[in-house]
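A.B. asks: One structure, as structure tokens, below. Some questions next.
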Amino acid sequence: MERNLKENEIRDNFASRLIEFRPDEKLINCEQPYSEVALRTDMQTIDKDNTIRIWEFKVIADYSAIGQLIVYLHLKRKETQFRSNVVGVLAATEIPSNIREAVIASGLNIELYTINKSVSGREQYLAHNEVSIFFPKETLV
């Protein structure tokens with residue numbers, strides 16, 4: 001029996017297992033608000049090279065997710081006075097080909113991260129999740 005998932009559930013499940021999927025990254029926070037606007041990023045991480053990643057989680061990615069990430073990326077870059085490397089990550093259980101093409105063709109500095117059903121909570125955890133990385137960085141877990 002499949003239940004309706006919420007983006008926060010997917011994010012929380014992924015964040016709790018971040019070290020498993022992204023061993024070089026550390027969780028900064030979830031639901032980080034920006035002081036100048038009433039917006040919150042789903043999750044922020046930082047890697048060993050001090051690259052900050054702004055994560056947007058969706059059950060099924062759509063064009064609005066790209067728009068959200070563009071705004072979040074700008075706000076974070078502005079917050080760091082444009083001194084930090086900031087990358088967006090669109091993470092979803094499904095990323096339609098038209099969304100993939102738009103991100104890749106536009107050079108938006110957004111990674112695409114496909115989360116499989118076991119990680120999203122849609123199925124019981126499977127021990128051997130496969131990860132594939134493409135350029136621009138696209139990951140399937």
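The chains in the structure tokens are called A, B, ... from first to last as shown; in each chain the residues are counted from 1, and the ligands are counted from 1 in the order shown.
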Each residue of region 28-78 of chain A lying at most 9 Å from region 85-107 of chain A should get a row with its shortest atom-to-atom pair and the distance in Å to one decimal, counting only C-alpha atoms; could you produce that, ordered by chain and increasing number, as a tab-separated table?
C.D. replies:
```
residue	atom	partner	partner_atom	distance
A:Asn50	CA	A:Asn85	CA	7.4
A:Thr51	CA	A:Asn85	CA	5.0
A:Ile52	CA	A:Val86	CA	4.8
A:Arg53	CA	A:Val87	CA	4.8
A:Ile54	CA	A:Gly88	CA	4.8
A:Trp55	CA	A:Val89	CA	4.7
A:Glu56	CA	A:Leu90	CA	5.1
A:Phe57	CA	A:Ala91	CA	4.8
A:Lys58	CA	A:Ala92	CA	4.7
A:Val59	CA	A:Ala92	CA	5.2
A:Ile60	CA	A:Glu94	CA	4.8
A:Ala61	CA	A:Ile95	CA	5.1
A:Asp62	CA	A:Ile99	CA	6.5
A:Tyr63	CA	A:Ile99	CA	6.6
A:Ala65	CA	A:Leu90	CA	7.3
A:Ile66	CA	A:Leu90	CA	7.6
A:Leu69	CA	A:Gly88	CA	6.2
A:Ile70	CA	A:Gly88	CA	7.8
A:Tyr72	CA	A:Gly88	CA	8.2
A:Leu73	CA	A:Gly88	CA	6.5
A:His74	CA	A:Val86	CA	8.9
A:Lys76	CA	A:Val86	CA	7.3
A:Arg77	CA	A:Val86	CA	6.5
```
A.B. asks: Could you check how far CA of Ser64 (chain A) sits from CA of Glu36 (chain A), in Å to one decimal?
C.D. replies: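 So the two atoms, CA of Ser64 (chain A) and CA of Glu36 (chain A), lie 20.9 Å apart.
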A.B. asks: One number please: CA of Asp24 (chain A) to CA of Asn116 (chain A), in Å, one decimal.
C.D. replies: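 Answer for the CA of Asp24 (chain A) to CA of Asn116 (chain A) separation: 20.4 Å.
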A.B. asks: State, in Å with one decimal place, the distance from CA of Asn13 (chain A) to CA of Leu108 (chain A).
C.D. replies: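 Interatomic distance here is 26.5 Å.
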